[in-house]
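One file, coords.cif, is given below (mmCIF, C-alpha atoms and all ligand atoms).
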data_final
loop_
_atom_site.label_atom_id
_atom_site.label_comp_id
_atom_site.auth_asym_id
_atom_site.auth_seq_id
_atom_site.Cartn_x
_atom_site.Cartn_y
_atom_site.Cartn_z
CA MET Z 1 0.00 0.00 0.00
CA LYS Z 2 1.40 3.41 -1.05
CA LYS Z 3 1.69 6.05 1.65
CA ALA Z 4 1.15 9.80 1.05
CA ILE Z 5 1.60 12.74 3.41
CA ILE Z 6 -0.71 15.72 2.90
CA PHE Z 7 0.25 19.06 4.48
CA GLY Z 8 -2.99 21.07 4.46
CA ILE Z 9 -5.43 18.13 4.59
CA THR Z 10 -8.12 20.25 6.29
CA GLY Z 11 -8.30 22.69 3.36
CA GLN Z 12 -10.50 22.53 0.28
CA ASP Z 13 -7.91 20.75 -1.88
CA GLY Z 14 -6.51 18.63 0.95
CA SER Z 15 -9.94 17.11 1.53
CA HIS Z 16 -10.52 16.35 -2.17
CA LEU Z 17 -7.02 14.93 -2.55
CA ALA Z 18 -7.48 12.69 0.51
CA ASP Z 19 -10.75 11.36 -0.98
CA LEU Z 20 -8.95 10.61 -4.25
CA LEU Z 21 -5.95 8.90 -2.62
CA LEU Z 22 -8.21 6.75 -0.43
CA GLU Z 23 -10.14 5.67 -3.53
CA LYS Z 24 -6.77 4.62 -4.94
CA GLU Z 25 -6.08 2.66 -1.75
CA TYR Z 26 -3.30 4.83 -0.36
CA GLN Z 27 -2.52 5.17 3.29
CA VAL Z 28 -2.98 8.89 3.99
CA ILE Z 29 -1.06 10.82 6.65
CA GLY Z 30 -2.79 14.17 7.12
CA VAL Z 31 -1.00 17.00 8.89
CA THR Z 32 -3.13 19.42 10.92
CA ARG Z 33 -1.95 22.31 13.05
CA ARG Z 34 -3.03 22.96 16.61
CA VAL Z 35 -5.87 25.46 16.73
CA SER Z 36 -8.42 26.24 19.43
CA VAL Z 37 -11.39 25.35 17.21
CA ASP Z 38 -12.18 22.25 15.18
CA THR Z 39 -10.93 22.65 11.61
CA THR Z 40 -11.78 19.17 10.40
CA SER Z 41 -15.25 19.91 8.97
CA ARG Z 42 -14.15 19.11 5.41
CA ILE Z 43 -12.61 15.76 6.41
CA LYS Z 44 -15.21 14.63 8.98
CA HIS Z 45 -16.23 11.80 6.65
CA LEU Z 46 -12.73 10.31 6.62
CA VAL Z 47 -11.02 11.01 9.97
CA ASN Z 48 -12.04 7.57 11.25
CA HIS Z 49 -11.11 5.79 8.01
CA GLU Z 50 -8.75 2.88 8.70
CA ASN Z 51 -6.26 4.20 6.14
CA VAL Z 52 -6.12 7.74 7.51
CA THR Z 53 -3.78 8.94 10.24
CA ILE Z 54 -3.96 12.51 11.46
CA VAL Z 55 -0.73 13.93 12.84
CA SER Z 56 -0.14 17.28 14.43
CA GLY Z 57 2.39 19.71 12.96
CA ASP Z 58 2.93 23.20 11.68
CA ILE Z 59 4.67 23.84 8.40
CA THR Z 60 6.40 26.95 9.78
CA ASP Z 61 8.14 24.82 12.42
CA ALA Z 62 11.03 23.02 10.68
CA HIS Z 63 11.43 20.77 13.71
CA SER Z 64 7.87 19.47 13.50
CA VAL Z 65 8.10 19.03 9.72
CA ILE Z 66 11.27 16.96 9.95
CA ASN Z 67 9.81 14.77 12.71
CA ILE Z 68 6.77 13.99 10.57
CA LEU Z 69 8.96 13.14 7.59
CA LYS Z 70 11.26 11.03 9.81
CA ASP Z 71 8.27 9.03 11.10
CA HIS Z 72 7.11 8.39 7.52
CA GLN Z 73 10.30 7.98 5.51
CA ASP Z 74 8.58 5.25 3.52
CA ALA Z 75 6.09 7.77 2.09
CA ALA Z 76 5.87 7.51 -1.70
CA GLU Z 77 4.42 11.01 -2.07
CA VAL Z 78 4.34 14.28 -0.13
CA TYR Z 79 1.85 16.99 -1.10
CA ASN Z 80 2.38 20.54 0.18
CA LEU Z 81 -1.05 22.18 0.08
CA ALA Z 82 -0.58 24.14 3.31
CA ALA Z 83 -0.76 27.90 2.90
CA GLN Z 84 -2.18 31.17 4.09
CA SER Z 85 -4.05 31.13 0.80
CA HIS Z 86 -6.16 34.31 0.90
CA VAL Z 87 -4.67 37.04 -1.30
CA ALA Z 88 -6.40 39.98 0.43
CA VAL Z 89 -5.34 38.69 3.87
CA SER Z 90 -1.75 38.52 2.65
CA PHE Z 91 -1.66 42.33 2.37
CA LYS Z 92 -2.66 42.60 6.04
CA GLN Z 93 -0.46 39.74 7.29
CA PRO Z 94 2.50 39.66 4.88
CA ALA Z 95 5.07 38.22 7.31
CA LEU Z 96 2.79 35.38 8.41
CA THR Z 97 1.98 34.67 4.76
CA TRP Z 98 5.68 34.56 3.96
CA ASP Z 99 6.40 32.14 6.82
CA ILE Z 100 3.62 29.72 5.89
CA THR Z 101 3.26 30.06 2.12
CA GLY Z 102 6.91 30.71 1.27
CA LYS Z 103 9.20 29.32 3.95
CA GLY Z 104 6.94 26.37 4.82
CA CYS Z 105 7.73 24.79 1.45
CA LEU Z 106 11.46 25.19 2.09
CA ASN Z 107 11.08 23.37 5.44
CA ILE Z 108 9.67 20.32 3.63
CA LEU Z 109 12.21 20.39 0.79
CA GLN Z 110 15.12 20.70 3.23
CA GLY Z 111 13.66 17.92 5.40
CA LEU Z 112 13.35 15.57 2.39
CA THR Z 113 16.96 16.38 1.45
CA ASP Z 114 18.40 15.99 4.97
CA LEU Z 115 16.65 12.64 5.36
CA GLN Z 116 17.78 11.61 1.86
CA MET Z 117 14.22 10.78 0.89
CA THR Z 118 15.08 10.77 -2.80
CA ASN Z 119 12.51 8.06 -3.55
CA THR Z 120 9.70 10.25 -2.25
CA LYS Z 121 7.90 12.39 -4.82
CA PHE Z 122 7.01 15.95 -3.81
CA TYR Z 123 4.16 18.19 -5.01
CA GLN Z 124 4.15 21.96 -4.48
CA ALA Z 125 0.89 23.90 -4.80
CA SER Z 126 2.00 26.80 -6.99
CA SER Z 127 -0.51 29.34 -8.22
CA SER Z 128 -1.66 31.35 -11.23
CA GLU Z 129 -1.43 34.38 -8.90
CA MET Z 130 2.33 34.20 -9.61
CA PHE Z 131 1.61 35.54 -13.14
CA GLY Z 132 0.09 38.61 -11.51
CA SER Z 133 -0.34 41.33 -14.08
CA ASN Z 134 1.50 39.49 -16.86
CA TYR Z 135 0.19 37.46 -19.78
CA ASP Z 136 1.30 36.40 -23.24
CA THR Z 137 -0.65 37.03 -26.42
CA ARG Z 138 -1.29 35.33 -29.72
CA SER Z 139 -3.70 36.23 -32.46
CA GLN Z 140 -7.01 34.50 -32.25
CA ASP Z 141 -7.85 31.77 -34.76
CA ASN Z 142 -5.79 33.32 -37.51
CA ASP Z 143 -2.01 33.70 -37.25
CA PHE Z 144 -1.76 35.89 -40.35
CA ASP Z 145 -4.24 38.64 -39.71
CA SER Z 146 -2.87 41.00 -37.07
CA ARG Z 147 -6.13 43.01 -37.12
CA LEU Z 148 -7.92 40.15 -35.38
CA PRO Z 149 -8.31 40.53 -31.62
CA VAL Z 150 -5.47 38.98 -29.65
CA GLU Z 151 -5.94 36.12 -27.26
CA LYS Z 152 -4.36 36.63 -23.83
CA TYR Z 153 -3.20 33.60 -21.86
CA GLN Z 154 -0.66 32.31 -19.34
CA ASN Z 155 1.28 29.05 -19.62
CA GLU Z 156 4.51 27.51 -18.27
CA GLU Z 157 6.56 29.98 -20.37
CA THR Z 158 4.83 33.16 -19.14
CA LYS Z 159 6.98 35.31 -16.85
CA PHE Z 160 5.83 35.89 -13.28
CA LEU Z 161 4.88 39.43 -12.24
CA PRO Z 162 3.37 38.84 -8.78
CA GLN Z 163 1.03 41.46 -7.29
CA SER Z 164 0.67 40.44 -3.63
CA PRO Z 165 2.67 39.14 -0.65
CA TYR Z 166 0.86 35.83 -1.23
CA ALA Z 167 1.98 35.63 -4.86
CA ILE Z 168 5.55 36.62 -4.02
CA SER Z 169 5.69 33.90 -1.34
CA LYS Z 170 4.34 31.38 -3.87
CA CYS Z 171 7.02 32.44 -6.39
CA ALA Z 172 9.74 31.86 -3.78
CA ALA Z 173 8.36 28.38 -3.00
CA HIS Z 174 8.04 27.64 -6.71
CA TYR Z 175 11.67 28.56 -7.44
CA MET Z 176 12.80 26.67 -4.34
CA THR Z 177 11.01 23.55 -5.65
CA ARG Z 178 12.84 23.88 -8.96
CA LEU Z 179 16.17 24.38 -7.16
CA TYR Z 180 15.77 21.24 -5.04
CA ARG Z 181 14.74 19.31 -8.15
CA GLU Z 182 17.74 20.44 -10.18
CA GLY Z 183 20.29 20.86 -7.38
CA TYR Z 184 19.52 17.89 -5.10
CA GLY Z 185 17.79 15.47 -7.47
CA LEU Z 186 14.43 15.47 -5.66
CA HIS Z 187 11.42 14.33 -7.64
CA ALA Z 188 9.75 17.70 -7.00
CA SER Z 189 6.93 18.97 -9.23
CA ALA Z 190 4.87 22.15 -9.05
CA GLY Z 191 1.32 22.53 -10.28
CA ILE Z 192 0.59 26.10 -11.36
CA LEU Z 193 -3.10 25.87 -10.64
CA PHE Z 194 -5.61 28.49 -11.69
CA ASN Z 195 -8.56 29.27 -9.39
CA HIS Z 196 -10.51 26.18 -8.46
CA GLU Z 197 -13.66 26.11 -6.43
CA GLY Z 198 -16.52 23.93 -5.28
CA PRO Z 199 -18.90 23.44 -2.37
CA ARG Z 200 -15.94 22.96 0.01
CA ARG Z 201 -14.41 26.35 -0.88
CA GLY Z 202 -13.65 28.71 2.04
CA GLU Z 203 -16.48 31.19 2.62
CA ASN Z 204 -14.34 34.32 2.14
CA PHE Z 205 -13.28 33.54 -1.45
CA VAL Z 206 -15.48 35.37 -3.92
CA THR Z 207 -17.27 32.39 -5.50
CA ARG Z 208 -18.33 30.80 -2.23
CA LYS Z 209 -19.09 34.18 -0.66
CA ILE Z 210 -21.61 34.70 -3.48
CA THR Z 211 -23.19 31.23 -3.42
CA LYS Z 212 -23.34 31.15 0.39
CA TRP Z 213 -25.09 34.55 0.40
CA ILE Z 214 -27.61 33.35 -2.21
CA GLY Z 215 -28.29 30.20 -0.18
CA ASP Z 216 -28.85 32.19 3.02
CA PHE Z 217 -30.99 34.78 1.22
CA ILE Z 218 -33.29 32.20 -0.40
CA LYS Z 219 -33.70 30.41 2.96
CA TRP Z 220 -34.63 33.78 4.53
CA CYS Z 221 -37.20 34.36 1.74
CA ILE Z 222 -38.72 30.91 2.25
CA THR Z 223 -38.92 31.43 6.02
CA ASN Z 224 -40.73 34.72 5.42
CA ASP Z 225 -43.16 33.33 2.81
CA VAL Z 226 -41.72 35.23 -0.15
CA SER Z 227 -42.73 33.29 -3.27
CA PRO Z 228 -40.31 32.94 -6.23
CA LYS Z 229 -42.41 35.57 -8.08
CA GLY Z 230 -42.31 37.84 -5.03
CA LEU Z 231 -38.47 38.01 -5.19
CA HIS Z 232 -38.74 40.80 -7.75
CA ASP Z 233 -41.12 42.85 -5.61
CA LEU Z 234 -38.78 43.04 -2.62
CA LEU Z 235 -37.84 46.57 -1.58
CA THR Z 236 -34.26 47.74 -1.13
CA ASN Z 237 -32.37 50.61 0.44
CA ASP Z 238 -28.61 51.29 0.15
CA ASN Z 239 -27.57 48.39 2.33
CA GLU Z 240 -30.56 46.09 2.83
CA ILE Z 241 -33.33 44.15 1.19
CA TYR Z 242 -36.60 44.24 3.07
CA ILE Z 243 -40.13 42.96 3.27
CA THR Z 244 -41.25 45.33 6.03
CA GLU Z 245 -39.30 47.68 8.32
CA GLY Z 246 -38.81 44.81 10.76
CA LEU Z 247 -37.82 42.15 8.19
CA LYS Z 248 -34.50 43.01 6.55
CA PHE Z 249 -31.64 41.08 4.96
CA PRO Z 250 -28.17 42.68 4.38
CA LYS Z 251 -27.12 43.06 0.73
CA LEU Z 252 -24.14 41.11 -0.62
CA ARG Z 253 -21.03 43.33 -0.30
CA LEU Z 254 -18.24 42.72 -2.82
CA GLY Z 255 -15.17 44.46 -4.24
CA ASN Z 256 -13.92 44.44 -7.84
CA LEU Z 257 -16.53 42.81 -10.10
CA ASP Z 258 -14.49 43.24 -13.29
CA ALA Z 259 -11.58 40.89 -12.52
CA TYR Z 260 -11.29 37.93 -14.90
CA ARG Z 261 -10.56 34.48 -13.51
CA ASP Z 262 -10.16 31.02 -15.04
CA TRP Z 263 -12.35 29.05 -12.63
CA GLY Z 264 -12.46 25.24 -12.50
CA PHE Z 265 -13.69 22.52 -10.12
CA ALA Z 266 -11.31 21.61 -7.26
CA GLY Z 267 -11.94 17.85 -7.54
CA ASP Z 268 -10.69 17.83 -11.15
CA TYR Z 269 -7.57 19.79 -10.18
CA CYS Z 270 -6.60 17.38 -7.38
CA GLU Z 271 -6.58 14.59 -9.92
CA ALA Z 272 -3.98 16.59 -11.88
CA MET Z 273 -1.80 16.89 -8.74
CA TRP Z 274 -1.78 13.12 -8.38
CA MET Z 275 -1.09 12.59 -12.10
CA MET Z 276 1.99 14.84 -11.87
CA LEU Z 277 3.49 12.57 -9.22
CA GLN Z 278 2.89 9.45 -11.31
CA GLN Z 279 5.34 10.73 -13.96
CA ASP Z 280 8.87 9.33 -14.16
CA GLU Z 281 10.31 12.84 -14.46
CA PRO Z 282 9.34 15.76 -12.21
CA ASP Z 283 8.16 18.93 -13.95
CA ASP Z 284 5.92 22.01 -13.67
CA TYR Z 285 2.44 22.10 -15.19
CA VAL Z 286 -0.27 24.72 -15.66
CA ILE Z 287 -3.72 23.40 -14.70
CA CYS Z 288 -6.77 25.41 -15.81
CA THR Z 289 -9.91 25.34 -17.97
CA GLY Z 290 -8.72 27.78 -20.66
CA GLU Z 291 -11.88 29.89 -20.20
CA THR Z 292 -12.04 33.19 -18.40
CA HIS Z 293 -15.01 34.96 -16.82
CA THR Z 294 -15.56 38.07 -14.73
CA VAL Z 295 -16.90 38.10 -11.17
CA ARG Z 296 -19.94 39.84 -12.74
CA GLU Z 297 -20.54 36.81 -15.01
CA PHE Z 298 -20.29 34.49 -12.00
CA LEU Z 299 -22.89 36.64 -10.22
CA SER Z 300 -25.19 36.61 -13.22
CA ILE Z 301 -25.23 32.81 -13.59
CA ALA Z 302 -25.50 32.26 -9.84
CA PHE Z 303 -28.46 34.64 -9.38
CA ASN Z 304 -30.15 33.46 -12.58
CA SER Z 305 -30.02 29.88 -11.32
CA VAL Z 306 -32.41 30.86 -8.49
CA GLY Z 307 -34.62 32.92 -10.79
CA ILE Z 308 -33.18 36.38 -10.02
CA LYS Z 309 -32.43 38.40 -13.15
CA GLU Z 310 -31.91 41.89 -11.71
CA TRP Z 311 -29.21 40.91 -9.23
CA GLU Z 312 -27.56 44.36 -9.26
CA ASP Z 313 -30.22 45.56 -6.77
CA PHE Z 314 -28.99 42.99 -4.24
CA VAL Z 315 -25.24 43.70 -4.45
CA VAL Z 316 -23.21 46.61 -3.02
CA VAL Z 317 -19.75 47.39 -4.39
CA ASP Z 318 -17.76 48.16 -1.26
CA PRO Z 319 -14.21 49.61 -1.56
CA GLU Z 320 -13.35 47.76 1.65
CA PHE Z 321 -12.97 44.64 -0.52
CA TYR Z 322 -10.63 46.27 -3.06
CA ARG Z 323 -6.99 45.19 -2.85
CA PRO Z 324 -3.93 47.48 -2.87
CA ALA Z 325 -2.92 45.74 -6.12
CA GLU Z 326 -5.21 43.57 -8.24
CA VAL Z 327 -4.70 40.74 -10.72
CA ASP Z 328 -7.03 41.78 -13.55
CA TYR Z 329 -6.84 38.89 -15.96
CA LEU Z 330 -6.15 35.16 -15.62
CA ARG Z 331 -6.73 32.66 -18.37
CA GLY Z 332 -4.56 29.56 -18.58
CA ASP Z 333 -3.35 27.37 -21.39
CA CYS Z 334 -2.86 23.81 -20.14
CA SER Z 335 -1.79 22.22 -23.44
CA LYS Z 336 1.27 20.70 -21.71
CA ALA Z 337 -0.80 18.95 -19.03
CA LYS Z 338 -3.25 17.72 -21.66
CA GLU Z 339 -0.46 16.30 -23.77
CA LYS Z 340 1.90 14.90 -21.12
CA LEU Z 341 -0.48 13.94 -18.30
CA GLY Z 342 -3.59 13.28 -20.37
CA TRP Z 343 -5.48 15.62 -18.00
CA THR Z 344 -8.55 17.64 -18.97
CA PRO Z 345 -11.09 19.44 -16.75
CA LYS Z 346 -14.41 17.60 -16.48
CA HIS Z 347 -16.65 20.45 -15.30
CA THR Z 348 -17.67 23.58 -17.21
CA PHE Z 349 -17.89 27.03 -15.63
CA GLU Z 350 -21.68 26.93 -15.66
CA ASP Z 351 -21.72 23.44 -14.03
CA LEU Z 352 -19.44 24.75 -11.31
CA VAL Z 353 -21.53 27.82 -10.49
CA LYS Z 354 -24.76 25.84 -10.38
CA MET Z 355 -23.20 23.04 -8.32
CA MET Z 356 -22.08 25.59 -5.72
CA VAL Z 357 -25.43 27.41 -5.60
CA MET Z 358 -27.38 24.14 -5.31
CA ARG Z 359 -25.16 22.91 -2.47
CA ASP Z 360 -25.56 26.17 -0.56
CA LEU Z 361 -29.32 26.02 -1.00
CA SER Z 362 -29.51 22.55 0.51
P1 LIG G 401 -7.19 26.38 1.91
O1 LIG G 401 -8.59 25.84 1.83
O2 LIG G 401 -6.98 27.75 2.42
O3 LIG G 401 -6.33 25.34 2.78
C1 LIG G 401 -5.07 25.68 3.29
C2 LIG G 401 -4.60 24.58 4.19
O4 LIG G 401 -3.32 24.95 4.75
C3 LIG G 401 -5.52 24.31 5.41
O5 LIG G 401 -5.55 22.93 5.64
C4 LIG G 401 -4.79 25.01 6.52
O6 LIG G 401 -5.07 24.50 7.80
C5 LIG G 401 -3.36 24.69 6.15
N1 LIG G 401 -2.39 25.54 6.85
C6 LIG G 401 -2.40 26.89 6.96
N2 LIG G 401 -1.35 27.30 7.71
C7 LIG G 401 -0.69 26.18 8.10
C8 LIG G 401 0.46 25.96 8.89
N3 LIG G 401 1.14 26.96 9.44
N4 LIG G 401 0.87 24.67 9.08
C9 LIG G 401 0.19 23.64 8.55
N5 LIG G 401 -0.92 23.80 7.79
C10 LIG G 401 -1.35 25.06 7.57
O7 LIG G 401 -6.52 26.34 0.46
P2 LIG G 401 -6.92 25.46 -0.82
O8 LIG G 401 -7.87 26.24 -1.65
O9 LIG G 401 -7.25 24.09 -0.39
O10 LIG G 401 -5.54 25.46 -1.62
C11 LIG G 401 -4.56 24.46 -1.37
C12 LIG G 401 -3.20 24.98 -1.81
O11 LIG G 401 -3.24 25.31 -3.20
C13 LIG G 401 -2.75 26.24 -1.10
O12 LIG G 401 -1.35 26.19 -0.99
C14 LIG G 401 -3.14 27.36 -2.04
O13 LIG G 401 -2.33 28.48 -1.84
C15 LIG G 401 -2.88 26.69 -3.38
N6 LIG G 401 -3.69 27.14 -4.51
C16 LIG G 401 -5.04 27.19 -4.39
C17 LIG G 401 -5.79 27.58 -5.48
C18 LIG G 401 -7.29 27.63 -5.42
O14 LIG G 401 -7.90 28.26 -6.31
N7 LIG G 401 -7.91 26.97 -4.45
C19 LIG G 401 -5.15 27.91 -6.71
C20 LIG G 401 -3.77 27.84 -6.76
C21 LIG G 401 -3.03 27.44 -5.67
P3 LIG G 401 -6.29 25.07 8.73
O15 LIG G 401 -7.50 24.29 8.31
O16 LIG G 401 -5.81 24.78 10.10
O17 LIG G 401 -6.42 26.53 8.43
N1 LIG G 402 -12.30 37.29 -1.78
C1 LIG G 402 -13.02 38.24 -2.39
N2 LIG G 402 -14.02 38.85 -1.69
N3 LIG G 402 -12.72 38.58 -3.66
C2 LIG G 402 -13.48 39.53 -4.25
C3 LIG G 402 -14.54 40.16 -3.59
C4 LIG G 402 -14.82 39.81 -2.24
O1 LIG G 402 -15.72 40.33 -1.60
N4 LIG G 402 -15.12 41.03 -4.46
C5 LIG G 402 -14.45 40.94 -5.61
N5 LIG G 402 -13.44 40.05 -5.49
C6 LIG G 402 -12.46 39.73 -6.55
C7 LIG G 402 -11.00 39.80 -6.08
O2 LIG G 402 -10.56 41.16 -6.06
C8 LIG G 402 -10.33 38.95 -7.17
O3 LIG G 402 -10.09 39.73 -8.31
C9 LIG G 402 -11.39 37.90 -7.51
O4 LIG G 402 -12.64 38.38 -6.95
C10 LIG G 402 -11.10 36.51 -6.94
O5 LIG G 402 -10.81 36.65 -5.55
P1 LIG G 402 -10.65 35.35 -4.60
O6 LIG G 402 -11.85 34.49 -4.73
O7 LIG G 402 -10.29 35.84 -3.25
O8 LIG G 402 -9.46 34.55 -5.29
P2 LIG G 402 -8.03 35.04 -5.81
O9 LIG G 402 -8.06 34.96 -7.29
O10 LIG G 402 -7.60 36.30 -5.19
O11 LIG G 402 -7.08 33.89 -5.21
C11 LIG G 402 -7.46 32.51 -5.30
O12 LIG G 402 -6.94 31.94 -6.48
C12 LIG G 402 -5.50 31.88 -6.55
C13 LIG G 402 -5.16 31.26 -7.92
O13 LIG G 402 -5.22 32.21 -8.91
C14 LIG G 402 -6.93 31.82 -4.03
O14 LIG G 402 -7.46 30.51 -3.98
C15 LIG G 402 -5.42 31.72 -4.05
O15 LIG G 402 -4.99 30.90 -2.96
C16 LIG G 402 -5.00 31.06 -5.37
O16 LIG G 402 -3.60 30.93 -5.45
#
Will you turn the file into structure tokens for me?
Amino acid sequence: MKKAIIFGITGQDGSHLADLLLEKEYQVIGVTRRVSVDTTSRIKHLVNHENVTIVSGDITDAHSVINILKDHQDAAEVYNLAAQSHVAVSFKQPALTWDITGKGCLNILQGLTDLQMTNTKFYQASSSEMFGSNYDTRSQDNDFDSRLPVEKYQNEETKFLPQSPYAISKCAAHYMTRLYREGYGLHASAGILFNHEGPRRGENFVTRKITKWIGDFIKWCITNDVSPKGLHDLLTNDNEIYITEGLKFPKLRLGNLDAYRDWGFAGDYCEAMWMMLQQDEPDDYVICTGETHTVREFLSIAFNSVGIKEWEDFVVVDPEFYRPAEVDYLRGDCSKAKEKLGWTPKHTFEDLVKMMVMRDLS
């Protein structure tokens, strides 16, 4: 039985990856850090699984990382999914973000090297945020006619131009992964994953913030006997939606609605992580859908799926959610992963939005 260690098992991706590895009959060692509240809600269904062992450790503490690796030197695979992964938070807590998201990766790589675990394959969760404000271009459909609109995309060749402490920390970890691959012969691969979401997404990322709000709002309407037709007759003021003076619901407050993201389903992306570690040679791969949509488009499909067409009345654009620097456009090209790994995303953008809304309604 193959053994895999997952740093970050309690996160969105960690939980999907654990499900996948258990299906493939791995023994899973999940690392969780000590916190005063229970963080295992996403892995509740598997904590008592006979092939799962939860161990305590913090990726910022090199001592605890090396002890975990020492106890599991027979691990075939180590996945580093642990991070302070919220971009906006990284502007407020840059040093913490650096320690977890940047230096944490180094602690694992150095531990694998010190213990000479050269048979263990390592996965680093790199990010499309590393491209920041950069993209490459090619003419759309027709290479010869320069008047045609250009297509903007990012792939493994696109230069990084990071726009946040989070992205800069991810770049450092990414380069460190390459260094340990080339300098110390580790089988270390990095997946440059574009945004991926799903019902297990944290509630302060924009997609889940939207679908969670819609779920709560519809439940409030049902409780207060508002019929689907009645949704359009609700009254609003600057900050609230109301039935009567006493029955109010706060509007959904968001920041930049014009950012473009390449959004896919997290379950599909975890499969790509695993596929990378099944290769004989370590490498870096972009994982994405190749489509890009604005936050506005996400809102439109999400609200439409519960019968609300005029969603603008229910949303407030609040500068509090703007970032000091924004990433305006992300759209990946994963031709390399398609060709070398045989990976393709299985869910469309519309599937994803509807799946998230339906789950938050139930
Ligand atoms: P997530 O839901 O925020 O999960 C992050 C995980 O890291 C949680 O399990 C968290 O534990 C753990 N963690 C945080 N600080 C830690 C520390 N000091 N020591 C040990 N564990 C720690 O993130 P995700 O969406 O699953 O993403 C997984 C990874 O992929 C992250 O590295 C993220 O940066 C990267 N990534 C994500 C996306 C995306 O769109 N989701 C795209 C590209 C790259 P707690 O539960 O205790 O907080
Ligand atoms: N979180 C959030 N909250 N974002 C908002 C809001 C809001 O209220 N309103 C607008 N946005 C915009 C952000 O400004 C950004 O342009 C976009 O929505 C997506 O924001 P997030 O969902 O927070 O994701 P992200 O793109 O910043 O980062 C995610 O994807 C990266 C990969 O590209 C995270 O999962 C990162 O960990 C990951 O590396």
List all protein, DNA and RNA residues that have an atom no more than 6 Å from any atom of ligand LIG 401 (chain G), counting only C-alpha atoms and all ligand atoms, and report them as a short mmCIF file (atom, residue, chain, number, x, y, z; two decimals) with C-alpha atoms, in the coordinates of the input.
data_model
loop_
_atom_site.label_atom_id
_atom_site.label_comp_id
_atom_site.auth_asym_id
_atom_site.auth_seq_id
_atom_site.Cartn_x
_atom_site.Cartn_y
_atom_site.Cartn_z
CA PHE Z 7 0.25 19.06 4.48
CA GLY Z 8 -2.99 21.07 4.46
CA ILE Z 9 -5.43 18.13 4.59
CA THR Z 10 -8.12 20.25 6.29
CA GLY Z 11 -8.30 22.69 3.36
CA GLN Z 12 -10.50 22.53 0.28
CA ASP Z 13 -7.91 20.75 -1.88
CA GLY Z 14 -6.51 18.63 0.95
CA THR Z 32 -3.13 19.42 10.92
CA ARG Z 33 -1.95 22.31 13.05
CA THR Z 39 -10.93 22.65 11.61
CA ASP Z 58 2.93 23.20 11.68
CA ILE Z 59 4.67 23.84 8.40
CA THR Z 60 6.40 26.95 9.78
CA LEU Z 81 -1.05 22.18 0.08
CA ALA Z 82 -0.58 24.14 3.31
CA ALA Z 83 -0.76 27.90 2.90
CA GLN Z 84 -2.18 31.17 4.09
CA SER Z 85 -4.05 31.13 0.80
CA ILE Z 100 3.62 29.72 5.89
CA ALA Z 125 0.89 23.90 -4.80
CA SER Z 126 2.00 26.80 -6.99
CA SER Z 127 -0.51 29.34 -8.22
CA LEU Z 193 -3.10 25.87 -10.64
CA PHE Z 194 -5.61 28.49 -11.69
CA ASN Z 195 -8.56 29.27 -9.39
CA HIS Z 196 -10.51 26.18 -8.46
CA GLY Z 202 -13.65 28.71 2.04
#
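Relative to atom CA of Asp71 of chain Z, atom CA of Ser56 of chain Z is found at 12.2 Å.
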> Mind listing the residues within 7 Å of ligand LIG 402 (chain G), all atoms listed in the file counted, as number ranges by chain?
Replying inline: Z: 85-88, 127-129, 193-196, 204-207, 209, 253-257, 259-261, 295, 321-323, 326-328
>> Using all atoms listed in the file and a cutoff of 9 Å, can you tell me which residues are near (-0.3, 21.7, -22.5) in the file's coordinates, and write them out as a ChimeraX atom specification?
In response: /Z:155-156,285-287,333-341
> Which residues, written as an MDAnalysis selection string, have at least one atom at most 12 Å from Glu50 of chain Z, with all atoms listed in the file counted and residues fewer than 4 positions away on the same chain left out?
Replying inline: chainID Z and resid 22 25:29 45:46 54
>> If we count all atoms listed in the file and set the cut-off at 10 Å, which residues sit around Asp238 of chain Z, ignoring sequence neighbours fewer than 3 positions away in its own chain? Please answer as a ChimeraX atom specification.
In response: /Z:241,250-251,313-316
> Between Z:Lys2, Z:Lys103, Z:Arg178, Z:Lys92, which is the closest to Ala62 of chain Z once you count all atoms listed in the file?
Replying inline: Z:Lys103
> If you count only C-alpha atoms, which residues fall within 10 Å of segment 343-350 of chain Z, apart from same-chain ones fewer than 4 positions away, as an MDAnalysis selection string?
Replying inline: chainID Z and resid 262:269 271:272 275:276 287:293 297:298 301:302 305 334:339 354:355
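Nearest residue to Trp274 of chain Z among Z:Gln124, Z:Asn119, Z:Thr137, Z:Asn224 is Z:Gln124, counting all atoms listed in the file.
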>> List the spatial neighbours of segment 164-171 of chain Z as an NGL selection string - criterion: any atom at most 7 Å away, all atoms listed in the file, same-chain residues fewer than 3 positions off excluded.
In response: :Z and (87 or 90-91 or 94 or 97-98 or 101-102 or 126-127 or 129-130 or 174-175 or 325)
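Of note, atom CA of Leu106 of chain Z and atom CA of Thr177 of chain Z are spaced 7.9 Å apart.
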